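Q: Coordinates in input-v4.csv, CSV, C-alpha atoms, are listed below.
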chain,number,residue,atom,x,y,z
A,1,MET,CA,32.0,11.0,15.0
A,2,LYS,CA,30.8,10.9,11.4
A,3,LEU,CA,32.5,13.0,8.8
A,4,LYS,CA,30.5,13.9,5.7
A,5,PHE,CA,31.9,14.9,2.4
A,6,LYS,CA,30.5,15.5,-1.0
A,7,PRO,CA,32.2,15.1,-4.4
A,8,ILE,CA,33.6,18.2,-6.0
A,9,GLY,CA,33.9,16.5,-9.4
A,10,VAL,CA,34.4,13.2,-11.3
A,11,VAL,CA,37.3,11.4,-13.0
A,12,HIS,CA,37.1,10.5,-16.7
A,13,SER,CA,39.3,7.5,-17.4
A,14,PRO,CA,40.1,5.1,-20.1
A,15,PHE,CA,39.5,2.4,-17.5
A,16,LYS,CA,35.7,2.0,-17.7
A,17,LYS,CA,35.5,-0.8,-15.1
A,18,LYS,CA,37.7,-2.2,-12.4
A,19,LYS,CA,38.6,-5.3,-14.4
A,20,ASP,CA,40.1,-3.0,-17.1
A,21,ILE,CA,43.0,-2.3,-14.7
A,22,GLN,CA,45.5,-5.2,-14.8
A,23,PRO,CA,47.8,-4.4,-11.9
A,24,LYS,CA,50.6,-6.7,-12.9
A,25,LYS,CA,50.8,-4.9,-16.3
A,26,TYR,CA,51.5,-1.7,-14.4
A,27,ALA,CA,53.9,-3.1,-11.8
A,28,ASN,CA,56.6,-0.5,-12.0
A,29,ALA,CA,56.8,2.9,-10.6
A,30,GLN,CA,55.9,4.6,-13.9
A,31,GLY,CA,53.2,2.1,-14.6
A,32,PHE,CA,50.3,4.6,-15.0
A,33,ASP,CA,52.3,7.7,-16.0
A,34,HIS,CA,51.1,7.7,-19.6
A,35,ILE,CA,47.5,7.0,-18.9
A,36,GLN,CA,45.6,10.1,-19.7
A,37,GLY,CA,42.2,11.2,-18.4
A,38,GLU,CA,40.3,14.2,-17.2
A,39,LEU,CA,39.3,15.6,-13.8
A,40,GLU,CA,35.9,17.3,-14.3
A,41,ILE,CA,35.3,19.7,-11.4
A,42,PHE,CA,31.7,20.7,-10.9
A,43,GLN,CA,31.1,24.3,-12.1
A,44,GLU,CA,30.3,25.5,-8.6
A,45,TYR,CA,33.9,24.8,-7.6
A,46,GLU,CA,35.6,25.8,-10.9
A,47,ASP,CA,37.0,29.1,-9.4
A,48,GLY,CA,39.0,27.0,-7.0
A,49,LEU,CA,41.0,25.6,-9.9
A,50,LYS,CA,42.7,29.0,-10.5
A,51,ASP,CA,46.5,28.6,-10.4
A,52,THR,CA,46.4,24.8,-10.4
A,53,GLU,CA,47.7,24.7,-13.9
A,54,GLY,CA,51.0,26.3,-12.7
A,55,PHE,CA,51.9,23.1,-10.9
A,56,SER,CA,53.4,20.1,-12.7
A,57,HIS,CA,51.7,17.6,-10.3
A,58,LEU,CA,48.5,17.5,-8.3
A,59,MET,CA,47.3,15.2,-5.6
A,60,VAL,CA,43.8,13.8,-6.2
A,61,ILE,CA,41.9,12.5,-3.2
A,62,PHE,CA,38.9,10.4,-4.3
A,63,ALA,CA,36.4,7.9,-3.1
A,64,PHE,CA,36.7,4.2,-4.0
A,65,HIS,CA,33.0,4.3,-4.8
A,66,GLN,CA,32.7,0.7,-5.9
A,67,SER,CA,34.5,-0.6,-2.8
A,68,VAL,CA,32.3,-2.6,-0.4
A,69,GLY,CA,33.6,-3.8,2.9
A,70,PHE,CA,37.2,-4.4,4.0
A,71,ASN,CA,39.5,-6.7,5.9
A,72,LEU,CA,42.3,-5.5,8.2
A,73,HIS,CA,44.5,-8.1,6.6
A,74,THR,CA,44.5,-8.3,2.9
A,75,PHE,CA,46.3,-9.8,-0.1
A,76,PRO,CA,47.9,-6.9,-2.0
A,77,LEU,CA,47.8,-7.1,-5.8
A,78,LEU,CA,51.5,-7.6,-5.9
A,79,ASP,CA,52.0,-10.1,-3.1
A,80,ASP,CA,50.7,-13.5,-2.1
A,81,ARG,CA,50.9,-12.9,1.7
A,82,LEU,CA,48.4,-11.2,3.9
A,83,ARG,CA,49.4,-7.7,4.8
A,84,GLY,CA,47.9,-5.1,7.1
A,85,VAL,CA,45.5,-3.0,5.0
A,86,PHE,CA,47.3,0.3,6.0
A,87,SER,CA,50.5,-1.0,4.4
A,88,THR,CA,48.7,-1.4,1.1
A,89,ARG,CA,46.8,0.8,-1.4
A,90,SER,CA,43.9,-1.6,-1.5
A,91,SER,CA,40.5,0.0,-2.3
A,92,HIS,CA,39.0,-2.1,0.5
A,93,ARG,CA,39.8,-0.1,3.5
A,94,PRO,CA,38.0,1.2,6.6
A,95,ASN,CA,37.5,4.5,4.9
A,96,PRO,CA,37.4,3.8,1.1
A,97,ILE,CA,39.5,6.9,0.2
A,98,GLY,CA,42.1,6.8,-2.6
A,99,LEU,CA,45.0,9.0,-3.5
A,100,THR,CA,46.8,9.4,-6.8
A,101,ILE,CA,49.4,12.0,-7.9
A,102,VAL,CA,48.8,13.1,-11.5
A,103,GLU,CA,50.7,15.2,-13.9
A,104,VAL,CA,48.9,18.3,-15.2
A,105,LEU,CA,48.7,18.5,-19.0
A,106,GLU,CA,46.4,21.5,-19.3
A,107,ARG,CA,43.3,23.2,-17.9
A,108,GLN,CA,40.3,24.1,-19.9
A,109,GLY,CA,37.9,25.9,-17.5
A,110,ASN,CA,36.6,23.3,-15.1
A,111,ILE,CA,38.4,20.4,-16.8
A,112,LEU,CA,42.0,19.4,-15.9
A,113,LYS,CA,43.6,17.1,-18.5
A,114,VAL,CA,46.1,15.0,-16.7
A,115,SER,CA,48.2,11.9,-17.0
A,116,GLY,CA,49.0,9.2,-14.4
A,117,VAL,CA,45.3,8.1,-14.1
A,118,ASP,CA,44.7,4.8,-12.2
A,119,MET,CA,41.1,5.5,-11.2
A,120,ILE,CA,38.1,4.2,-13.1
A,121,GLU,CA,35.5,6.2,-15.0
A,122,GLY,CA,33.1,8.0,-12.7
A,123,THR,CA,35.3,8.1,-9.6
A,124,PRO,CA,34.1,10.9,-7.3
A,125,ILE,CA,36.8,13.5,-6.5
A,126,LEU,CA,36.9,14.8,-3.0
A,127,ASP,CA,39.9,17.1,-3.1
A,128,ILE,CA,42.8,18.4,-5.3
A,129,LYS,CA,46.0,19.7,-3.7
A,130,PRO,CA,49.3,20.9,-5.2
A,131,TYR,CA,52.2,18.5,-5.0
A,132,THR,CA,55.2,20.3,-3.4
A,133,PRO,CA,58.8,19.6,-2.5
A,134,ARG,CA,57.5,18.6,0.9
A,135,ASP,CA,55.8,15.6,-0.7
A,136,GLN,CA,59.0,14.5,-2.4
A,137,LYS,CA,60.6,12.0,0.0
A,138,SER,CA,63.9,10.2,-0.5
A,139,SER,CA,65.7,7.3,1.1
A,140,LEU,CA,62.6,5.2,0.9
A,141,LYS,CA,62.2,1.9,2.6
A,142,LEU,CA,59.4,-0.2,1.0
A,143,GLY,CA,58.7,-3.0,3.5
A,144,TRP,CA,56.8,-5.9,1.9
A,145,LEU,CA,56.8,-4.1,-1.5
A,146,GLU,CA,60.6,-4.2,-1.7
A,147,GLY,CA,61.6,-6.0,-4.9
A,148,LYS,CA,57.9,-6.3,-6.1
A,149,ILE,CA,57.7,-2.9,-7.8
A,150,LYS,CA,60.3,-2.0,-10.4
A,151,TRP,CA,61.8,1.4,-9.8
A,152,ASP,CA,65.0,3.4,-10.3
A,153,LYS,CA,66.3,3.6,-6.7
A,154,ARG,CA,68.1,6.9,-7.5
A,155,SER,CA,67.2,8.7,-4.3
B,1,MET,CA,25.8,12.1,-3.1
B,2,LYS,CA,27.1,12.3,0.5
B,3,LEU,CA,30.1,10.2,1.5
B,4,LYS,CA,30.4,9.3,5.2
B,5,PHE,CA,33.6,8.4,6.9
B,6,LYS,CA,34.7,7.9,10.5
B,7,PRO,CA,38.0,8.4,12.2
B,8,ILE,CA,40.3,5.4,12.5
B,9,GLY,CA,42.5,7.2,15.0
B,10,VAL,CA,43.8,10.5,16.3
B,11,VAL,CA,47.1,12.5,16.0
B,12,HIS,CA,49.1,13.4,19.0
B,13,SER,CA,51.1,16.5,18.3
B,14,PRO,CA,53.3,19.1,20.0
B,15,PHE,CA,51.1,21.7,18.3
B,16,LYS,CA,48.2,21.9,20.8
B,17,LYS,CA,46.3,24.7,19.0
B,18,LYS,CA,46.3,26.1,15.5
B,19,LYS,CA,48.1,29.2,16.6
B,20,ASP,CA,51.1,27.1,17.7
B,21,ILE,CA,52.0,26.5,14.1
B,22,GLN,CA,53.8,29.5,12.7
B,23,PRO,CA,53.9,28.7,9.0
B,24,LYS,CA,56.7,31.2,8.1
B,25,LYS,CA,58.9,29.5,10.6
B,26,TYR,CA,58.6,26.3,8.7
B,27,ALA,CA,58.7,27.8,5.1
B,28,ASN,CA,61.2,25.3,3.7
B,29,ALA,CA,60.7,21.9,2.3
B,30,GLN,CA,62.1,20.2,5.4
B,31,GLY,CA,60.2,22.6,7.8
B,32,PHE,CA,58.3,20.0,9.8
B,33,ASP,CA,60.6,17.0,9.2
B,34,HIS,CA,61.9,17.1,12.8
B,35,ILE,CA,58.5,17.6,14.5
B,36,GLN,CA,57.7,14.3,16.2
B,37,GLY,CA,54.3,13.0,17.2
B,38,GLU,CA,52.2,9.9,17.4
B,39,LEU,CA,49.4,8.4,15.3
B,40,GLU,CA,47.1,6.6,17.7
B,41,ILE,CA,45.0,4.1,15.8
B,42,PHE,CA,41.9,2.9,17.6
B,43,GLN,CA,42.2,-0.7,18.8
B,44,GLU,CA,39.5,-2.1,16.5
B,45,TYR,CA,41.8,-1.1,13.5
B,46,GLU,CA,45.2,-2.0,15.1
B,47,ASP,CA,45.5,-5.2,13.0
B,48,GLY,CA,45.5,-3.1,9.9
B,49,LEU,CA,48.9,-1.5,10.9
B,50,LYS,CA,50.7,-4.8,10.4
B,51,ASP,CA,53.7,-4.3,8.0
B,52,THR,CA,53.4,-0.4,8.1
B,53,GLU,CA,56.6,-0.3,10.1
B,54,GLY,CA,58.5,-1.7,7.1
B,55,PHE,CA,58.0,1.5,5.2
B,56,SER,CA,60.1,4.6,5.8
B,57,HIS,CA,57.2,7.0,5.0
B,58,LEU,CA,53.4,6.8,5.3
B,59,MET,CA,50.7,9.1,3.9
B,60,VAL,CA,48.3,10.3,6.5
B,61,ILE,CA,44.8,11.5,5.3
B,62,PHE,CA,43.0,13.4,8.1
B,63,ALA,CA,40.2,15.8,8.7
B,64,PHE,CA,40.8,19.5,9.3
B,65,HIS,CA,38.3,19.2,12.2
B,66,GLN,CA,38.5,22.8,13.3
B,67,SER,CA,38.0,24.2,9.8
B,68,VAL,CA,34.7,26.0,9.3
B,69,GLY,CA,33.7,27.2,5.8
B,70,PHE,CA,35.8,27.9,2.8
B,71,ASN,CA,36.4,30.4,-0.1
B,72,LEU,CA,37.3,29.3,-3.6
B,73,HIS,CA,39.9,32.0,-3.7
B,74,THR,CA,42.1,32.2,-0.6
B,75,PHE,CA,45.3,33.9,0.6
B,76,PRO,CA,47.9,31.1,1.1
B,77,LEU,CA,50.1,31.4,4.2
B,78,LEU,CA,53.1,32.0,2.0
B,79,ASP,CA,51.6,34.5,-0.4
B,80,ASP,CA,49.8,37.8,-0.4
B,81,ARG,CA,47.7,37.2,-3.5
B,82,LEU,CA,44.4,35.4,-3.8
B,83,ARG,CA,44.9,31.9,-5.2
B,84,GLY,CA,42.5,29.1,-6.2
B,85,VAL,CA,41.9,27.0,-3.1
B,86,PHE,CA,42.9,23.8,-5.0
B,87,SER,CA,46.3,25.3,-5.7
B,88,THR,CA,46.9,25.6,-1.9
B,89,ARG,CA,47.1,23.4,1.1
B,90,SER,CA,44.7,25.6,3.1
B,91,SER,CA,42.6,23.9,5.7
B,92,HIS,CA,39.5,25.9,4.5
B,93,ARG,CA,38.4,23.9,1.5
B,94,PRO,CA,35.2,22.4,0.1
B,95,ASN,CA,36.0,19.1,1.8
B,96,PRO,CA,38.2,19.8,4.8
B,97,ILE,CA,40.6,16.9,4.2
B,98,GLY,CA,44.3,17.1,4.9
B,99,LEU,CA,47.3,15.1,3.8
B,100,THR,CA,50.7,14.8,5.3
B,101,ILE,CA,53.5,12.4,4.5
B,102,VAL,CA,55.3,11.4,7.7
B,103,GLU,CA,58.5,9.4,8.4
B,104,VAL,CA,58.0,6.2,10.5
B,105,LEU,CA,60.2,6.1,13.6
B,106,GLU,CA,58.7,3.0,15.3
B,107,ARG,CA,55.4,1.2,15.9
B,108,GLN,CA,54.3,0.1,19.4
B,109,GLY,CA,51.0,-1.8,18.9
B,110,ASN,CA,48.4,0.7,17.9
B,111,ILE,CA,50.8,3.6,18.2
B,112,LEU,CA,53.0,4.8,15.3
B,113,LYS,CA,55.7,7.2,16.4
B,114,VAL,CA,56.4,9.5,13.4
B,115,SER,CA,58.2,12.6,12.5
B,116,GLY,CA,57.1,15.3,10.0
B,117,VAL,CA,53.9,16.2,12.0
B,118,ASP,CA,52.2,19.4,10.9
B,119,MET,CA,48.7,18.6,12.3
B,120,ILE,CA,47.4,19.8,15.6
B,121,GLU,CA,46.6,17.6,18.7
B,122,GLY,CA,43.4,15.7,18.3
B,123,THR,CA,43.3,15.7,14.5
B,124,PRO,CA,41.0,12.7,13.4
B,125,ILE,CA,42.8,10.3,11.1
B,126,LEU,CA,40.9,8.9,8.1
B,127,ASP,CA,43.4,6.7,6.4
B,128,ILE,CA,47.1,5.7,6.3
B,129,LYS,CA,48.8,4.5,3.1
B,130,PRO,CA,52.3,3.5,2.3
B,131,TYR,CA,54.4,6.1,0.4
B,132,THR,CA,55.9,4.3,-2.7
B,133,PRO,CA,58.2,5.2,-5.6
B,134,ARG,CA,55.0,6.1,-7.5
B,135,ASP,CA,54.5,9.0,-5.2
B,136,GLN,CA,58.1,10.3,-5.7
B,137,LYS,CA,57.7,12.8,-8.5
B,138,SER,CA,60.5,14.8,-10.1
B,139,SER,CA,60.9,17.8,-12.5
B,140,LEU,CA,58.4,19.7,-10.3
B,141,LYS,CA,56.8,23.0,-11.3
B,142,LEU,CA,55.4,24.9,-8.4
B,143,GLY,CA,53.3,27.7,-9.9
B,144,TRP,CA,52.7,30.5,-7.4
B,145,LEU,CA,54.7,28.7,-4.8
B,146,GLU,CA,57.9,29.0,-6.9
B,147,GLY,CA,60.5,31.0,-4.9
B,148,LYS,CA,58.4,31.0,-1.8
B,149,ILE,CA,59.4,27.7,-0.4
B,150,LYS,CA,63.1,26.9,0.1
B,151,TRP,CA,64.1,23.6,-1.4
B,152,ASP,CA,66.9,21.8,-2.9
B,153,LYS,CA,65.9,21.5,-6.6
B,154,ARG,CA,67.9,18.4,-7.0
B,155,SER,CA,65.3,16.5,-9.1
Could you spell out this file's structure in structure tokens?

A:
Amino acid sequence: MKLKFKPIGVVHSPFKKKKDIQPKKYANAQGFDHIQGELEIFQEYEDGLKDTEGFSHLMVIFAFHQSVGFNLHTFPLLDDRLRGVFSTRSSHRPNPIGLTIVEVLERQGNILKVSGVDMIEGTPILDIKPYTPRDQKSSLKLGWLEGKIKWDKRS
Amino acid sequence: MKLKFKPIGVVHSPFKKKKDIQPKKYANAQGFDHIQGELEIFQEYEDGLKDTEGFSHLMVIFAFHQSVGFNLHTFPLLDDRLRGVFSTRSSHRPNPIGLTIVEVLERQGNILKVSGVDMIEGTPILDIKPYTPRDQKSSLKLGWLEGKIKWDKRS
């Protein structure tokens, strides 16, 4: 079974190339929160953006378009041991699909200005969904990531 | 540009058909939390599940395989006004991709037993990612959904 999708838009990011993102520089939970960018949705889909600006946060599903190949065991950026790829957010995965939750700043027609961008310029967008209380999980356990990402363990 | 993906596994759910899910019955933030099911990952990808069991929550990206067609304006399940499709979690969207965050109960080889299932039996899984503090957003604004989903506005 093959599933075919096509981009609904493109990310505009201050990170022009993959090497511009230095993961250790952003190794805390709020690492990318202040990185601003734009989600440009192609005009044929613009009407679908109605009401998105009422939400504080949106989930962006995108393609890791520069990712080639994958290993089932991989070294995560924040660890020096091999981990199962599905326990990481590596871009090299069986289906090179990425997911980032951004904060909405404003919408101008087919452009959403957002912050929390960790994608590179030109990233193809597959879908945008509202972030709801159902997506707000607490009492987290972080497996191998425990102690490697700085966060306020408030909930 | 066409992007092709293939399933890495399949969801086993107590919801055998779409009509088994009565959305209004589950109209609170914890609605599906107690619904248990399994993520069966095909054996060729099983090694990628290493370390996933250390996380309390995983993000499951899947295909709405029974979805046919879409409208850019749609009636959400919990509202009687037309909303932009990207401000809803409707299964009828330009790319029929779904996203659910589940709680991990245990892993047995290529099977993850989870709770929080809102997919139907046979749903093709595209990707699994760990849920991290970066995905835990607070100070939410919910747009049209405000007042329509019951939640504990604690953060």

Q: Rotate and translate chain A onto chain B via least squares on all in-order Cα pairs, then write the result as a short mmCIF file (atom, residue, chain, number, x, y, z; two decimals) with C-alpha atoms, keeping the file's coordinate frame.

A:
data_model
loop_
_atom_site.label_atom_id
_atom_site.label_comp_id
_atom_site.auth_asym_id
_atom_site.auth_seq_id
_atom_site.Cartn_x
_atom_site.Cartn_y
_atom_site.Cartn_z
CA MET A 1 25.84 12.15 -3.05
CA LYS A 2 27.08 12.25 0.54
CA LEU A 3 30.11 10.28 1.54
CA LYS A 4 30.46 9.34 5.20
CA PHE A 5 33.62 8.46 6.95
CA LYS A 6 34.61 7.85 10.49
CA PRO A 7 38.00 8.40 12.16
CA ILE A 8 40.24 5.40 12.53
CA GLY A 9 42.46 7.17 15.07
CA VAL A 10 43.85 10.52 16.33
CA VAL A 11 47.09 12.49 15.95
CA HIS A 12 49.13 13.45 19.02
CA SER A 13 51.15 16.56 18.29
CA PRO A 14 53.31 19.05 19.99
CA PHE A 15 51.11 21.67 18.34
CA LYS A 16 48.20 21.88 20.81
CA LYS A 17 46.32 24.62 18.92
CA LYS A 18 46.35 26.08 15.46
CA LYS A 19 48.13 29.26 16.55
CA ASP A 20 51.07 27.09 17.75
CA ILE A 21 51.95 26.49 14.07
CA GLN A 22 53.84 29.51 12.67
CA PRO A 23 53.94 28.78 8.96
CA LYS A 24 56.65 31.24 8.09
CA LYS A 25 58.97 29.51 10.64
CA TYR A 26 58.53 26.31 8.65
CA ALA A 27 58.78 27.79 5.15
CA ASN A 28 61.17 25.33 3.62
CA ALA A 29 60.65 21.92 2.33
CA GLN A 30 62.03 20.24 5.47
CA GLY A 31 60.19 22.61 7.71
CA PHE A 32 58.26 19.97 9.75
CA ASP A 33 60.61 17.00 9.27
CA HIS A 34 61.85 17.00 12.86
CA ILE A 35 58.54 17.50 14.50
CA GLN A 36 57.67 14.33 16.24
CA GLY A 37 54.24 13.03 17.26
CA GLU A 38 52.16 9.92 17.41
CA LEU A 39 49.37 8.41 15.30
CA GLU A 40 47.07 6.55 17.73
CA ILE A 41 44.95 4.08 15.75
CA PHE A 42 41.84 2.89 17.53
CA GLN A 43 42.28 -0.72 18.78
CA GLU A 44 39.58 -2.01 16.47
CA TYR A 45 41.79 -1.15 13.50
CA GLU A 46 45.19 -2.01 15.07
CA ASP A 47 45.55 -5.26 12.97
CA GLY A 48 45.57 -3.10 9.89
CA LEU A 49 48.85 -1.55 11.00
CA LYS A 50 50.73 -4.85 10.38
CA ASP A 51 53.66 -4.26 8.00
CA THR A 52 53.39 -0.47 8.12
CA GLU A 53 56.55 -0.25 10.11
CA GLY A 54 58.51 -1.70 7.13
CA PHE A 55 57.97 1.51 5.21
CA SER A 56 60.10 4.61 5.77
CA HIS A 57 57.17 6.98 4.94
CA LEU A 58 53.41 6.89 5.30
CA MET A 59 50.70 9.08 3.93
CA VAL A 60 48.22 10.31 6.56
CA ILE A 61 44.83 11.46 5.35
CA PHE A 62 43.02 13.42 8.09
CA ALA A 63 40.18 15.77 8.70
CA PHE A 64 40.78 19.50 9.29
CA HIS A 65 38.34 19.23 12.18
CA GLN A 66 38.59 22.83 13.29
CA SER A 67 38.06 24.16 9.76
CA VAL A 68 34.76 26.01 9.23
CA GLY A 69 33.72 27.21 5.84
CA PHE A 70 35.88 27.98 2.79
CA ASN A 71 36.43 30.36 -0.08
CA LEU A 72 37.31 29.26 -3.63
CA HIS A 73 39.89 31.99 -3.65
CA THR A 74 42.13 32.26 -0.71
CA PHE A 75 45.31 33.90 0.60
CA PRO A 76 47.88 31.11 1.08
CA LEU A 77 50.10 31.37 4.17
CA LEU A 78 53.06 32.06 2.00
CA ASP A 79 51.63 34.53 -0.48
CA ASP A 80 49.82 37.85 -0.43
CA ARG A 81 47.70 37.19 -3.57
CA LEU A 82 44.47 35.33 -3.83
CA ARG A 83 44.89 31.87 -5.21
CA GLY A 84 42.43 29.16 -6.17
CA VAL A 85 41.91 26.98 -3.08
CA PHE A 86 42.90 23.76 -5.02
CA SER A 87 46.34 25.24 -5.68
CA THR A 88 46.90 25.61 -1.96
CA ARG A 89 47.03 23.36 1.15
CA SER A 90 44.67 25.61 3.03
CA SER A 91 42.54 23.86 5.70
CA HIS A 92 39.55 25.83 4.43
CA ARG A 93 38.46 23.82 1.53
CA PRO A 94 35.21 22.38 0.14
CA ASN A 95 36.02 19.09 1.74
CA PRO A 96 38.21 19.85 4.83
CA ILE A 97 40.58 16.87 4.21
CA GLY A 98 44.34 17.15 4.85
CA LEU A 99 47.29 15.12 3.77
CA THR A 100 50.74 14.86 5.29
CA ILE A 101 53.60 12.42 4.53
CA VAL A 102 55.37 11.35 7.74
CA GLU A 103 58.44 9.39 8.45
CA VAL A 104 57.96 6.23 10.52
CA LEU A 105 60.13 6.08 13.66
CA GLU A 106 58.64 2.97 15.24
CA ARG A 107 55.42 1.10 15.99
CA GLN A 108 54.30 0.08 19.38
CA GLY A 109 51.03 -1.88 18.91
CA ASN A 110 48.41 0.61 17.84
CA ILE A 111 50.72 3.63 18.14
CA LEU A 112 52.98 4.79 15.26
CA LYS A 113 55.71 7.21 16.39
CA VAL A 114 56.49 9.41 13.47
CA SER A 115 58.18 12.61 12.49
CA GLY A 116 57.10 15.30 9.98
CA VAL A 117 53.93 16.21 12.01
CA ASP A 118 52.13 19.44 10.93
CA MET A 119 48.71 18.55 12.31
CA ILE A 120 47.42 19.73 15.66
CA GLU A 121 46.62 17.63 18.72
CA GLY A 122 43.41 15.67 18.32
CA THR A 123 43.27 15.63 14.52
CA PRO A 124 41.06 12.73 13.38
CA ILE A 125 42.85 10.26 11.06
CA LEU A 126 40.86 8.91 8.20
CA ASP A 127 43.42 6.76 6.41
CA ILE A 128 47.12 5.65 6.37
CA LYS A 129 48.74 4.48 3.14
CA PRO A 130 52.33 3.48 2.30
CA TYR A 131 54.39 6.02 0.42
CA THR A 132 55.88 4.34 -2.71
CA PRO A 133 58.15 5.21 -5.60
CA ARG A 134 55.00 6.08 -7.49
CA ASP A 135 54.48 9.02 -5.13
CA GLN A 136 57.99 10.31 -5.71
CA LYS A 137 57.67 12.85 -8.55
CA SER A 138 60.50 14.82 -10.13
CA SER A 139 60.81 17.78 -12.44
CA LEU A 140 58.37 19.72 -10.36
CA LYS A 141 56.85 22.97 -11.41
CA LEU A 142 55.50 24.95 -8.40
CA GLY A 143 53.29 27.67 -9.91
CA TRP A 144 52.61 30.50 -7.44
CA LEU A 145 54.76 28.76 -4.77
CA GLU A 146 57.89 29.05 -6.92
CA GLY A 147 60.54 30.95 -4.96
CA LYS A 148 58.32 31.09 -1.75
CA ILE A 149 59.37 27.71 -0.34
CA LYS A 150 63.06 26.99 0.13
CA TRP A 151 64.05 23.66 -1.32
CA ASP A 152 66.99 21.83 -2.90
CA LYS A 153 65.84 21.64 -6.55
CA ARG A 154 67.92 18.44 -7.07
CA SER A 155 65.35 16.55 -9.09
#

Q: Near segment 122-137 of chain A, within 7 Å and counting all atoms listed in the file, which residues show up once chain neighbours fewer than 6 positions away are dropped, as an MDAnalysis selection string?

A: (chainID A and resid 6:12 55 57:65) or (chainID B and resid 29:30 86:89 95 101 136:137 142 151)

Q: Using atom CA of Glu46 of chain A and atom CA of Thr74 of chain B as the two end points, give the distance in Å to one decimal.

A: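 Going from atom CA of Glu46 of chain A over to atom CA of Thr74 of chain B covers 13.8 Å.
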
Q: Considering all atoms listed in the file, state which residue in the set B:Pro94, B:Ala27, B:Asp152, B:Thr100 is at the smallest distance from Ile41 of chain A.

A: B:Pro94

Q: So what do you get for atom CA of Asp118 of chain A versus atom CA of Gly31 of chain A, distance-wise?

A: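 Spanning atom CA of Asp118 of chain A to atom CA of Gly31 of chain A is a straight-line distance of 9.2 Å.
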
Q: Quick one: residues within 10 Å of segment 77-81 of chain B, all atoms listed in the file counted, chain neighbours fewer than 4 positions away excluded, as an MDAnalysis selection string?

A: chainID B and resid 22:24 27 73 88:90 144:145 148:149

Q: Tell me which protein, DNA and RNA residues are within 8 Å of Ser91 of chain B, counting all atoms listed in the file, leaving out same-chain ones fewer than 3 positions away, and put them as a VMD selection string.

A: chain B and resid 64 67 96 to 98

Q: Can you write just those residues out, C-alpha atoms, as a PDB file, in the frame of the given file?

A:
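Generated file (again_7.pdb):
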ATOM      1  CA  PHE B  64      40.800  19.500   9.300  1.00  0.00           C
ATOM      2  CA  SER B  67      38.000  24.200   9.800  1.00  0.00           C
ATOM      3  CA  PRO B  96      38.200  19.800   4.800  1.00  0.00           C
ATOM      4  CA  ILE B  97      40.600  16.900   4.200  1.00  0.00           C
ATOM      5  CA  GLY B  98      44.300  17.100   4.900  1.00  0.00           C
TER       6      GLY B  98
END

Q: Neighbouring residues of Leu72 of chain B were defined as those with any atom within 6 Å, considering all atoms listed in the file; residues of the same chain fewer than 4 positions away were excluded. Please report them as a list in words.

A: Asp47 and Gly48 of chain A; Gly84 and Val85 of chain B
